[in-house]
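Below is structure.cif, holding mmCIF, C-alpha atoms and all ligand atoms.
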```
data_upload
#
loop_
_atom_site.label_atom_id
_atom_site.label_comp_id
_atom_site.auth_asym_id
_atom_site.auth_seq_id
_atom_site.Cartn_x
_atom_site.Cartn_y
_atom_site.Cartn_z
CA MET I 1299 -0.65 26.53 20.04
CA GLY I 1300 0.05 26.32 23.79
CA ASP I 1301 -1.10 22.72 24.16
CA ASP I 1302 1.89 20.92 25.60
CA SER I 1303 0.68 17.36 25.16
CA ARG I 1304 0.23 18.09 21.46
CA SER I 1305 3.43 19.99 20.80
CA GLU I 1306 5.47 17.01 21.95
CA ARG I 1307 4.51 14.84 18.99
CA VAL I 1308 6.24 14.63 15.60
CA ILE I 1309 3.92 13.32 12.89
CA LEU I 1310 4.83 12.69 9.26
CA HIS I 1311 2.25 12.38 6.51
CA CYS I 1312 3.88 10.56 3.59
CA ASP I 1313 2.08 10.54 0.26
CA MET I 1314 3.50 9.05 -2.95
CA ASP I 1315 3.26 11.41 -5.92
CA ALA I 1316 0.89 10.33 -8.75
CA PHE I 1317 1.45 6.81 -7.50
CA TYR I 1318 0.02 4.50 -10.21
CA ALA I 1319 1.34 6.72 -13.03
CA SER I 1320 4.77 7.00 -11.39
CA VAL I 1321 5.03 3.22 -11.00
CA GLU I 1322 4.24 2.84 -14.70
CA GLN I 1323 6.89 5.44 -15.60
CA GLN I 1324 9.38 3.68 -13.35
CA ASP I 1325 8.67 0.30 -14.96
CA ARG I 1326 8.77 1.73 -18.48
CA PRO I 1327 11.52 4.32 -18.88
CA GLU I 1328 10.19 5.32 -22.31
CA LEU I 1329 7.17 6.87 -20.53
CA ARG I 1330 9.22 9.10 -18.24
CA GLY I 1331 8.69 12.78 -18.88
CA ARG I 1332 5.54 12.02 -20.87
CA PRO I 1333 1.88 12.51 -19.92
CA VAL I 1334 0.57 9.15 -18.68
CA LEU I 1335 -3.05 8.30 -17.89
CA VAL I 1336 -3.80 5.13 -15.94
CA GLY I 1337 -7.33 3.85 -16.29
CA GLY I 1338 -7.60 1.56 -19.27
CA HIS I 1339 -10.15 2.02 -21.95
CA ARG I 1340 -9.68 5.07 -24.21
CA ARG I 1341 -13.39 5.72 -24.72
CA ARG I 1342 -15.19 4.31 -21.71
CA GLY I 1343 -12.53 4.40 -18.97
CA VAL I 1344 -12.06 6.83 -16.11
CA VAL I 1345 -8.70 8.37 -15.22
CA CYS I 1346 -7.53 6.61 -12.04
CA ALA I 1347 -4.22 8.44 -11.99
CA CYS I 1348 -2.36 10.89 -14.19
CA SER I 1349 1.30 11.80 -14.25
CA TYR I 1350 2.37 15.34 -13.43
CA GLU I 1351 3.15 15.87 -17.12
CA ALA I 1352 -0.59 15.55 -17.87
CA ARG I 1353 -1.77 18.03 -15.26
CA PRO I 1354 -0.92 21.30 -17.04
CA PHE I 1355 -3.47 20.19 -19.68
CA GLY I 1356 -6.20 20.22 -17.05
CA VAL I 1357 -6.38 16.45 -16.68
CA ARG I 1358 -7.39 15.23 -13.21
CA SER I 1359 -8.03 11.81 -11.71
CA GLY I 1360 -11.71 10.89 -11.72
CA MET I 1361 -12.19 12.51 -15.13
CA ALA I 1362 -13.67 10.49 -18.02
CA MET I 1363 -10.82 9.13 -20.13
CA ALA I 1364 -12.42 10.46 -23.33
CA LYS I 1365 -12.43 13.99 -21.92
CA ALA I 1366 -8.86 13.66 -20.65
CA LEU I 1367 -7.75 12.62 -24.13
CA GLN I 1368 -9.47 15.63 -25.66
CA LEU I 1369 -7.42 17.83 -23.35
CA CYS I 1370 -4.20 15.87 -23.79
CA PRO I 1371 -4.36 13.71 -26.95
CA GLN I 1372 -0.67 12.78 -26.83
CA ALA I 1373 -1.00 11.04 -23.45
CA ALA I 1374 -0.16 7.36 -23.10
CA VAL I 1375 -3.17 5.40 -21.79
CA LEU I 1376 -2.42 2.37 -19.62
CA PRO I 1377 -4.52 -0.26 -17.88
CA VAL I 1378 -4.63 -0.40 -14.08
CA ARG I 1379 -2.16 -3.02 -12.76
CA MET I 1380 -3.39 -3.19 -9.21
CA GLU I 1381 -1.29 -6.15 -8.18
CA ARG I 1382 1.88 -4.38 -9.28
CA TYR I 1383 0.94 -1.21 -7.37
CA ARG I 1384 0.24 -3.31 -4.30
CA GLN I 1385 3.69 -4.89 -4.53
CA VAL I 1386 5.40 -1.51 -4.82
CA SER I 1387 3.22 -0.21 -2.00
CA GLU I 1388 4.35 -3.05 0.24
CA ALA I 1389 7.99 -2.29 -0.54
CA VAL I 1390 7.43 1.40 0.27
CA PHE I 1391 5.59 0.63 3.51
CA ALA I 1392 8.41 -1.72 4.52
CA LEU I 1393 10.74 1.28 4.16
CA PHE I 1394 8.36 3.42 6.25
CA ARG I 1395 8.43 0.72 8.93
CA GLN I 1396 12.19 1.04 9.20
CA PHE I 1397 11.47 4.38 10.88
CA THR I 1398 8.63 3.42 13.18
CA ASP I 1399 6.00 0.80 13.95
CA ARG I 1400 3.59 3.59 14.76
CA LEU I 1401 2.32 3.77 11.21
CA GLU I 1402 -1.27 4.27 10.06
CA PRO I 1403 -1.91 3.56 6.37
CA LEU I 1404 -4.61 5.78 4.81
CA SER I 1405 -4.51 4.18 1.39
CA ILE I 1406 -2.22 2.20 -0.86
CA ASP I 1407 0.22 5.11 -1.17
CA GLU I 1408 -0.31 7.25 1.90
CA ALA I 1409 0.42 6.90 5.62
CA PHE I 1410 0.87 8.74 8.89
CA LEU I 1411 4.04 7.98 10.83
CA ASP I 1412 4.43 8.99 14.47
CA VAL I 1413 8.20 9.42 14.73
CA THR I 1414 8.18 11.10 18.14
CA ALA I 1415 10.19 8.26 19.68
CA CYS I 1416 12.81 8.21 16.90
CA ARG I 1417 14.05 11.76 17.38
CA ARG I 1418 16.99 10.96 19.61
CA LEU I 1419 18.25 8.36 17.14
CA LEU I 1420 17.36 9.92 13.80
CA GLY I 1421 17.12 13.68 14.38
CA ASP I 1422 14.19 16.11 14.23
CA GLY I 1423 11.09 15.70 12.08
CA GLU I 1424 12.61 17.51 9.13
CA THR I 1425 15.75 15.34 9.18
CA ILE I 1426 13.68 12.16 9.45
CA GLY I 1427 11.45 13.31 6.59
CA ALA I 1428 14.45 14.07 4.37
CA THR I 1429 16.03 10.68 5.15
CA LEU I 1430 12.79 8.88 4.37
CA ARG I 1431 12.34 10.72 1.08
CA ARG I 1432 15.88 9.87 0.02
CA LEU I 1433 15.50 6.22 1.00
CA VAL I 1434 12.25 5.81 -0.96
CA ARG I 1435 13.82 7.49 -3.98
CA GLU I 1436 16.93 5.29 -3.84
CA ARG I 1437 15.13 2.01 -3.35
CA THR I 1438 12.11 2.47 -5.62
CA GLY I 1439 12.93 5.41 -7.91
CA LEU I 1440 9.69 7.03 -6.78
CA ALA I 1441 8.92 10.41 -5.24
CA VAL I 1442 7.13 10.72 -1.91
CA SER I 1443 5.98 14.06 -0.56
CA VAL I 1444 6.17 14.53 3.18
CA GLY I 1445 4.37 16.84 5.59
CA VAL I 1446 5.82 17.32 9.07
CA ALA I 1447 3.82 18.73 11.96
CA ASP I 1448 2.76 17.98 15.51
CA ASN I 1449 -0.58 16.46 14.51
CA LYS I 1450 -2.28 14.54 11.74
CA LEU I 1451 -4.41 17.39 10.37
CA LEU I 1452 -1.44 19.72 9.88
CA ALA I 1453 0.86 16.97 8.59
CA LYS I 1454 -1.68 16.05 5.91
CA LEU I 1455 -2.17 19.67 4.86
CA ALA I 1456 1.60 20.13 4.79
CA SER I 1457 2.26 17.16 2.48
CA ALA I 1458 -0.40 18.42 0.06
CA ALA I 1459 1.36 21.80 0.02
CA ALA I 1460 4.72 20.10 -0.57
CA LYS I 1461 3.66 18.28 -3.75
CA PRO I 1462 5.18 17.31 -6.07
CA ASP I 1463 8.36 15.74 -4.70
CA GLY I 1464 8.75 18.01 -1.73
CA MET I 1465 8.66 18.34 2.02
CA ARG I 1466 6.92 20.96 4.14
CA VAL I 1467 7.28 21.51 7.86
CA LEU I 1468 4.39 23.28 9.56
CA ALA I 1469 5.32 24.60 12.98
CA GLY I 1470 5.19 27.72 15.14
CA ASP I 1471 3.88 30.96 13.65
CA GLU I 1472 3.69 29.41 10.21
CA VAL I 1473 0.67 27.37 11.22
CA GLU I 1474 -1.60 30.41 11.48
CA THR I 1475 -0.34 31.98 8.27
CA PHE I 1476 -0.91 28.69 6.51
CA LEU I 1477 -4.36 27.88 7.93
CA LEU I 1478 -6.23 31.19 7.82
CA PRO I 1479 -6.57 31.63 4.03
CA LEU I 1480 -7.45 27.95 3.38
CA PRO I 1481 -10.91 27.09 2.02
CA VAL I 1482 -12.86 25.35 4.82
CA GLU I 1483 -13.27 22.19 2.75
CA ARG I 1484 -9.53 21.64 2.93
CA ILE I 1485 -9.83 20.89 6.65
CA TRP I 1486 -9.70 17.11 6.99
CA GLY I 1487 -13.12 16.05 8.29
CA VAL I 1488 -15.09 18.81 6.58
CA GLY I 1489 -17.15 16.91 4.04
CA PRO I 1490 -19.23 18.36 1.19
CA LYS I 1491 -22.33 18.73 3.40
CA THR I 1492 -20.51 20.61 6.13
CA ALA I 1493 -18.80 22.80 3.56
CA GLU I 1494 -22.13 23.58 1.91
CA ALA I 1495 -23.72 24.54 5.23
CA LEU I 1496 -20.81 26.88 5.93
CA HIS I 1497 -20.95 28.39 2.43
CA ARG I 1498 -24.68 29.09 2.92
CA ILE I 1499 -23.90 31.40 5.81
CA GLY I 1500 -21.13 33.09 3.83
CA VAL I 1501 -18.22 31.22 5.42
CA HIS I 1502 -15.63 30.08 2.87
CA ARG I 1503 -12.22 30.39 4.48
CA VAL I 1504 -10.79 29.14 7.76
CA ALA I 1505 -10.33 32.76 8.88
CA GLU I 1506 -14.08 33.38 8.46
CA ALA I 1507 -15.03 30.12 10.18
CA ARG I 1508 -12.95 31.17 13.18
CA SER I 1509 -15.60 33.81 13.96
CA LEU I 1510 -18.07 31.03 14.80
CA SER I 1511 -18.13 30.10 18.46
CA ARG I 1512 -17.86 26.56 19.76
CA ARG I 1513 -21.55 26.77 20.67
CA GLN I 1514 -22.57 28.00 17.23
CA LEU I 1515 -20.68 25.18 15.55
CA ARG I 1516 -22.22 22.70 17.95
CA SER I 1517 -25.72 23.88 17.13
CA MET I 1518 -24.95 23.59 13.42
CA PHE I 1519 -23.13 20.24 13.38
CA GLY I 1520 -23.61 18.56 16.75
CA VAL I 1521 -20.61 16.85 18.34
CA GLN I 1522 -18.70 17.08 15.04
CA GLY I 1523 -19.04 20.85 15.33
CA GLU I 1524 -17.04 20.83 18.54
CA ARG I 1525 -14.27 18.95 16.86
CA LEU I 1526 -14.43 21.31 13.91
CA TYR I 1527 -13.89 24.23 16.31
CA ASP I 1528 -10.55 22.67 17.29
CA LEU I 1529 -9.54 21.63 13.78
CA LEU I 1530 -10.09 25.19 12.51
CA ARG I 1531 -7.47 26.22 15.07
CA GLY I 1532 -5.02 23.53 14.00
CA ILE I 1533 -5.74 21.44 17.09
CA ASP I 1534 -6.00 17.69 16.48
CA ASN I 1535 -5.24 15.16 19.20
CA ARG I 1536 -6.09 12.04 17.21
CA PRO I 1537 -3.36 9.44 17.66
CA VAL I 1538 -1.61 7.67 14.80
CA GLN I 1539 -3.33 4.30 14.91
CA PRO I 1540 -1.60 1.24 13.49
CA PRO I 1541 -4.09 -1.23 11.97
CA PRO I 1542 -4.73 -4.47 13.85
CA GLU I 1543 -2.00 -6.99 13.21
CA ARG I 1544 -2.39 -9.23 10.21
CA LYS I 1545 -2.79 -12.82 11.23
CA SER I 1546 -2.22 -14.51 7.90
CA LEU I 1547 -1.55 -13.85 4.26
CA GLY I 1548 -1.92 -15.99 1.23
CA ALA I 1549 -2.69 -16.36 -2.42
CA GLU I 1550 -5.16 -18.49 -4.27
CA GLU I 1551 -5.90 -19.26 -7.85
CA THR I 1552 -9.08 -20.48 -9.54
CA PHE I 1553 -8.55 -22.27 -12.84
CA VAL I 1554 -10.76 -21.64 -15.85
CA SER I 1555 -10.69 -25.31 -16.69
CA ASP I 1556 -10.13 -27.73 -13.83
CA LEU I 1557 -6.54 -28.92 -13.51
CA ASP I 1558 -5.95 -32.61 -13.97
CA ASP I 1559 -2.22 -32.81 -14.46
CA ARG I 1560 -0.07 -33.43 -11.39
CA ARG I 1561 3.01 -31.65 -12.74
CA GLU I 1562 0.97 -28.65 -13.72
CA LEU I 1563 -0.58 -28.57 -10.24
CA GLU I 1564 2.87 -28.61 -8.68
CA ARG I 1565 3.96 -25.74 -10.87
CA GLN I 1566 0.93 -23.72 -9.84
CA LEU I 1567 1.64 -24.51 -6.20
CA LEU I 1568 5.20 -23.26 -6.63
CA ARG I 1569 3.91 -20.03 -8.17
CA LEU I 1570 1.68 -19.50 -5.15
CA ALA I 1571 4.56 -20.24 -2.76
CA GLU I 1572 6.77 -17.70 -4.57
CA LYS I 1573 4.04 -15.10 -4.28
CA VAL I 1574 3.20 -15.71 -0.63
CA CYS I 1575 6.83 -15.78 0.51
CA ARG I 1576 7.64 -12.64 -1.42
CA ARG I 1577 4.76 -10.79 0.18
CA ALA I 1578 5.76 -12.00 3.64
CA ARG I 1579 9.38 -10.94 3.18
CA LEU I 1580 8.44 -7.51 1.84
CA GLN I 1581 6.59 -6.96 5.13
CA LYS I 1582 9.39 -8.59 7.11
CA LEU I 1583 7.02 -11.28 8.35
CA ALA I 1584 7.22 -15.06 8.61
CA GLY I 1585 4.56 -17.71 9.30
CA ARG I 1586 4.62 -20.03 12.28
CA GLY I 1587 2.22 -22.16 10.30
CA ALA I 1588 0.79 -22.69 6.83
CA THR I 1589 -2.44 -23.87 5.23
CA LEU I 1590 -2.99 -25.49 1.88
CA LYS I 1591 -6.46 -25.37 0.36
CA VAL I 1592 -7.74 -27.42 -2.55
CA ARG I 1593 -11.19 -27.17 -4.11
CA LEU I 1594 -12.14 -30.06 -6.34
CA ALA I 1595 -14.32 -30.00 -9.43
CA ASP I 1596 -17.36 -31.01 -7.34
CA PHE I 1597 -16.77 -27.87 -5.19
CA SER I 1598 -15.78 -29.87 -2.12
CA THR I 1599 -12.96 -28.11 -0.30
CA ARG I 1600 -10.13 -29.73 1.62
CA THR I 1601 -7.47 -28.06 3.72
CA ARG I 1602 -4.28 -29.17 5.47
CA SER I 1603 -2.43 -27.07 8.02
CA VAL I 1604 0.96 -27.34 9.64
CA THR I 1605 2.86 -25.71 12.49
CA PHE I 1606 6.56 -25.23 11.74
CA THR I 1607 9.31 -25.68 14.30
CA SER I 1608 10.49 -22.15 13.47
CA PRO I 1609 8.78 -19.42 11.36
CA VAL I 1610 8.99 -19.76 7.57
CA ASN I 1611 9.10 -17.23 4.73
CA ALA I 1612 11.36 -18.98 2.22
CA VAL I 1613 10.02 -20.87 -0.80
CA PRO I 1614 12.07 -24.09 -0.39
CA GLU I 1615 10.84 -24.58 3.18
CA LEU I 1616 7.24 -23.78 2.40
CA MET I 1617 7.32 -26.06 -0.65
CA ALA I 1618 8.94 -28.89 1.33
CA TRP I 1619 5.72 -29.11 3.31
CA ALA I 1620 3.13 -28.00 0.71
CA GLY I 1621 4.54 -30.22 -2.04
CA ALA I 1622 4.09 -33.26 0.19
CA ALA I 1623 0.67 -32.20 1.47
CA LEU I 1624 -0.76 -31.71 -2.03
CA PRO I 1625 -1.00 -35.36 -3.19
CA ASP I 1626 -2.20 -36.17 0.31
CA ILE I 1627 -5.40 -34.10 -0.04
CA GLU I 1628 -6.28 -34.31 -3.71
CA PRO I 1629 -6.42 -38.01 -4.49
CA GLN I 1630 -9.37 -37.28 -6.76
CA ARG I 1631 -8.46 -34.62 -9.28
CA PRO I 1632 -9.41 -32.47 -11.18
CA VAL I 1633 -8.69 -29.40 -9.07
CA ARG I 1634 -10.64 -26.20 -9.41
CA LEU I 1635 -8.88 -23.94 -6.93
CA LEU I 1636 -5.55 -23.95 -5.15
CA GLY I 1637 -4.74 -21.74 -2.14
CA LEU I 1638 -1.65 -21.38 0.04
CA TYR I 1639 -1.39 -19.32 3.22
CA LEU I 1640 1.19 -18.45 5.85
CA ASN I 1641 -0.53 -18.26 9.24
CA ASP I 1642 0.23 -16.90 12.66
CA LEU I 1643 2.57 -14.26 11.26
CA THR I 1644 5.45 -13.02 13.32
CA PRO I 1645 8.18 -10.40 12.70
CA GLU I 1646 10.99 -11.81 10.61
CA SER I 1647 13.62 -10.76 13.16
CA GLN I 1648 12.61 -13.80 15.23
CA LEU I 1649 13.90 -16.11 12.51
CA ASP I 1650 16.96 -18.24 13.02
CA LEU I 1651 19.33 -16.20 10.89
CA PHE I 1652 22.14 -18.67 10.57
CA GLY I 1653 23.12 -21.65 8.54
CA GLU I 1654 21.13 -23.29 5.81
CA ARG I 1655 17.96 -21.34 6.49
CA GLU I 1656 19.77 -18.07 5.88
CA ARG I 1657 21.29 -19.35 2.65
CA LEU I 1658 17.86 -20.32 1.32
CA ARG I 1659 16.40 -17.02 2.30
CA ARG I 1660 19.17 -15.09 0.56
CA LEU I 1661 18.52 -17.08 -2.59
CA ASP I 1662 14.87 -16.12 -2.45
CA GLU I 1663 15.74 -12.50 -1.77
CA ALA I 1664 18.04 -12.38 -4.78
CA ARG I 1665 15.12 -13.58 -6.85
CA ASP I 1666 12.90 -10.90 -5.30
CA ARG I 1667 15.36 -8.26 -6.44
CA ILE I 1668 15.36 -9.63 -9.97
CA TRP I 1669 11.60 -9.76 -9.85
CA ARG I 1670 11.30 -6.16 -8.71
CA ARG I 1671 13.61 -5.08 -11.47
CA PHE I 1672 12.23 -7.02 -14.40
CA GLY I 1673 8.73 -7.96 -13.36
CA GLU I 1674 7.38 -11.48 -13.26
CA LYS I 1675 9.05 -12.50 -16.54
CA GLY I 1676 12.43 -12.23 -14.84
CA LEU I 1677 11.49 -15.15 -12.60
CA THR I 1678 13.18 -18.17 -14.08
CA ARG I 1679 13.17 -20.90 -11.48
CA ALA I 1680 13.70 -23.96 -13.65
CA SER I 1681 10.36 -25.57 -12.98
CA LEU I 1682 8.54 -22.37 -13.87
CA LEU I 1683 10.10 -22.21 -17.30
CA GLY I 1684 7.74 -24.90 -18.57
CA LEU I 1685 4.74 -22.79 -17.69
CA ASP I 1686 2.95 -22.10 -20.95
CA GLY I 1687 -0.36 -20.51 -21.85
CA SER I 1688 -2.34 -23.71 -21.47
CA VAL I 1689 -3.50 -22.84 -17.99
CA GLN I 1690 -5.68 -19.79 -18.08
CA ARG I 1691 -5.95 -17.95 -14.86
CA ARG I 1692 -9.36 -16.52 -14.26
CA GLN I 1693 -8.69 -15.08 -10.88
CA ASP I 1694 -5.54 -14.30 -9.05
CA GLY I 1695 -6.63 -12.79 -5.79
CA PHE I 1696 -4.91 -12.29 -2.49
CA GLU I 1697 -6.64 -12.90 0.74
CA ASP I 1698 -5.63 -10.50 3.39
CA GLY I 1699 -6.13 -12.80 6.32
CA GLU I 1700 -9.06 -13.13 8.64
MG MG N 1801 -0.63 9.93 -3.41
#
```
Any chance you could give the structure as structure tokens?
Ligand SMILES: [Mg+2]
Amino acid sequence: MGDDSRSERVILHCDMDAFYASVEQQDRPELRGRPVLVGGHRRRGVVCACSYEARPFGVRSGMAMAKALQLCPQAAVLPVRMERYRQVSEAVFALFRQFTDRLEPLSIDEAFLDVTACRRLLGDGETIGATLRRLVRERTGLAVSVGVADNKLLAKLASAAAKPDGMRVLAGDEVETFLLPLPVERIWGVGPKTAEALHRIGVHRVAEARSLSRRQLRSMFGVQGERLYDLLRGIDNRPVQPPPERKSLGAEETFVSDLDDRRELERQLLRLAEKVCRRARLQKLAGRGATLKVRLADFSTRTRSVTFTSPVNAVPELMAWAGAALPDIEPQRPVRLLGLYLNDLTPESQLDLFGERERLRRLDEARDRIWRRFGEKGLTRASLLGLDGSVQRRQDGFEDGE
């Protein structure tokens, strides 16, 4: 160790356990404790995720579904519900953000958190990790494994060692004991090619790779070899890097057959507003502005934008503007595509939290809770009740801003 700048940091690597499969088991209690394979088609599909109950049978993600079912015929096979996983992911990341803004997402269910600055308030890395695990469990019912260390490499290795549903702290003398027997390919940054080159010269474990000098590694792998020299010793100074701030978020919908009915259009607009506001609130964001987009049957596209007097993330306020803007820009129906965006996003804490605005927001939040609990069918705003199967939705994509 002995690198002071490094030993000052506290990094958490948080990784949800069997994420897609766990969300399915959470949403459908009858699947809990059972082997679950997410990936759709029984004969042609690929396993995108499998629950821990399926793993003793040798099932792994990436395996052909047909093979997985040979190994574990009693498994439940479910389609991938990406939008649902994204919603749960946003809720989980919102919980992560209660600990720190210095958060770097690695995937939909995995992130680094630099909690160095939270220690005085929340305790040491282990205490923070335990609190976070409990919070995620309480709020979502899901398990997150946590690795705690003073850098990203070790934190990621630690969370993998902690799975399932565990926490591992890697510090002090433990680091060496942990690293030395590891296969070299476990070191984050050692890809298949690098691993193969090392295997060719008889190097399989970290302990063996340690016998290679910095110069030898440099001659084998160039600049990457120098970094590898450090990584093999558990040294990793890479900072936790939050992604660039999101400028806007929105939802759009393309209709299979062009929409001609004004009431139906308004219902679809309301659906989009519900979706956009929910996403904004889950991330504790609000829009200083909004944009409405309409594409007509002849593929011409019209947009209207607005700047609000104070940031908006509640459906009634967004609809007050969008509902009026809609007839303004689609005098010639039919409509092919409808899109609604919140722009110029800002943290929700800057909202005016009093009076009518707060009441509206609480109403929306209550609906969010129902929605999280029962899924979209639980949403029963009166004007949505009339929504029948007559409007087929071909596409229901989110745009993640510019
Ligand atoms: Mg995971």
- request: Would you list the contacts of region 1495-1502 of chain I as a VMD selection string, taking every protein, DNA or RNA residue within 9 Å and counting only C-alpha atoms, but skipping same-chain residues closer than 3 positions in sequence?
  value: chain I and resid 1480 to 1483 1490 to 1492 1505 to 1507 1518
Within 6 Å of ligand MG 1801 (chain N) (counting only C-alpha atoms and all ligand atoms), which residues show up? I'd like them as a tab-separated table (two decimals) with C-alpha atoms, in the frame of the given file.
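Saved result, out01.tsv, follows:
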```tsv
chain	number	residue	atom	x	y	z
I	1313	ASP	CA	2.08	10.54	0.26
I	1314	MET	CA	3.50	9.05	-2.95
I	1315	ASP	CA	3.26	11.41	-5.92
I	1316	ALA	CA	0.89	10.33	-8.75
I	1317	PHE	CA	1.45	6.81	-7.50
I	1407	ASP	CA	0.22	5.11	-1.17
I	1408	GLU	CA	-0.31	7.25	1.90
```
Taking a cut-off of 10 Å and counting all atoms listed in the file, can you build a table that, for each residue of region 1308-1389 of chain I near region 1427-1433 of chain I, reports the nearest atom pair and how far apart they are in Å (one decimal), sorted by chain then residue number, as a tab-separated table?
```
residue	atom	partner	partner_atom	distance
I:Ile1309	CA	I:Gly1427	CA	9.8
I:Leu1310	CA	I:Gly1427	CA	7.2
I:His1311	CA	I:Gly1427	CA	9.2
I:Cys1312	CA	I:Gly1427	CA	8.6
I:Met1314	CA	I:Arg1431	CA	9.9
```
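For the pair CA of Met1363 (chain I) and CA of Val1378 (chain I), the interatomic distance is 12.9 Å.
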message: Need the shell around Leu1638 (chain I): protein/DNA/RNA residues with any atom at most 9 Å away, counting only C-alpha atoms. Skip same-chain ones fewer than 2 positions apart. Format as a VMD selection string?
response: chain I and resid 1547 to 1550 1567 1570 to 1571 1574 1588 to 1592 1620 1636 1640
message: Which residues are close to region 1457-1472 of chain I, i.e. within 6 Å by all atoms listed in the file, leaving aside same-chain residues fewer than 4 positions away? Reply as a PyMOL selection string.
response: chain I and resi 1441-1447+1476
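Minimum atom-to-atom distances from I:Pro1625, I:Pro1609, I:Gly1356, I:Pro1632 to Leu1557 (chain I) were compared using all atoms listed in the file, and the lowest value belongs to I:Pro1632.
Nearest residue to Glu1628 (chain I) among I:Val1344, I:Leu1515, I:Leu1594, I:Leu1477 is I:Leu1594, counting only C-alpha atoms.
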- request: Identify the residues around (1.5, 9.7, -23.0) within a radius of 8 Å, measuring from all atoms listed in the file in the coordinates stated by the file, and give them as a ChimeraX atom specification.
  value: /I:1329,1332-1335,1372-1375
Hey, which bits of region 1564-1651 of chain I sit within 9 Å of region 1533-1545 of chain I, and for each residue what's the closest pair of atoms and how far apart in Å (one decimal), counting all atoms listed in the file, rows by chain and increasing number, as a tab-separated table?
```
residue	atom	partner	partner_atom	distance
I:Leu1640	CA	I:Lys1545	CA	8.7
I:Asn1641	CA	I:Lys1545	CA	6.2
I:Asp1642	CA	I:Lys1545	CA	5.3
I:Leu1643	CA	I:Lys1545	CA	5.6
I:Thr1644	CA	I:Lys1545	CA	8.5
```
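Once Arg1400 (chain I) and its same-chain neighbours fewer than 2 positions away are set aside, Arg1395, Phe1397, Thr1398, Glu1402, Phe1410, Leu1411, Asp1412, Val1413, Val1538, Gln1539 and Pro1540 of chain I remain within 9 Å of it when counting all atoms listed in the file.
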- request: Would you mind reading off the distance between CA of Leu1624 (chain I) and CA of Gln1385 (chain I), one decimal, in Å?
  value: 27.3 Å
query: Given the choices I:Ala1319, I:Ala1362, I:Leu1369, I:Ala1456, which gets closest to Cys1348 (chain I) if the distance is worked out from all atoms listed in the file?
result: I:Ala1319
- request: Give me, please, the distance in Å between CA of Asp1325 (chain I) and CA of Ala1352 (chain I), quoted to one decimal.
  value: 18.1 Å
message: Under the rule that only C-alpha atoms are counted, which of I:Gly1423, I:Gly1489, I:Gly1343, I:Pro1377 is the nearest residue to Val1308 (chain I)?
response: I:Gly1423
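Minimum atom-to-atom distances from I:Ala1415, I:Arg1382, I:Phe1394, I:Gly1523 to Arg1307 (chain I) were compared using all atoms listed in the file, and the lowest value belongs to I:Ala1415.
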message: Taking (6.3, 7.8, -13.8) as a centre in this file's frame and 7 Å as the limit, can you find every polymer residue with an atom that close, using all atoms listed in the file, and give them as a PyMOL selection string?
response: chain I and resi 1319-1324+1329-1330+1349
message: Under the rule that all atoms listed in the file are counted, which of I:Arg1326, I:Arg1525, I:Arg1531, I:Lys1365 is the nearest residue to Val1345 (chain I)?
response: I:Lys1365
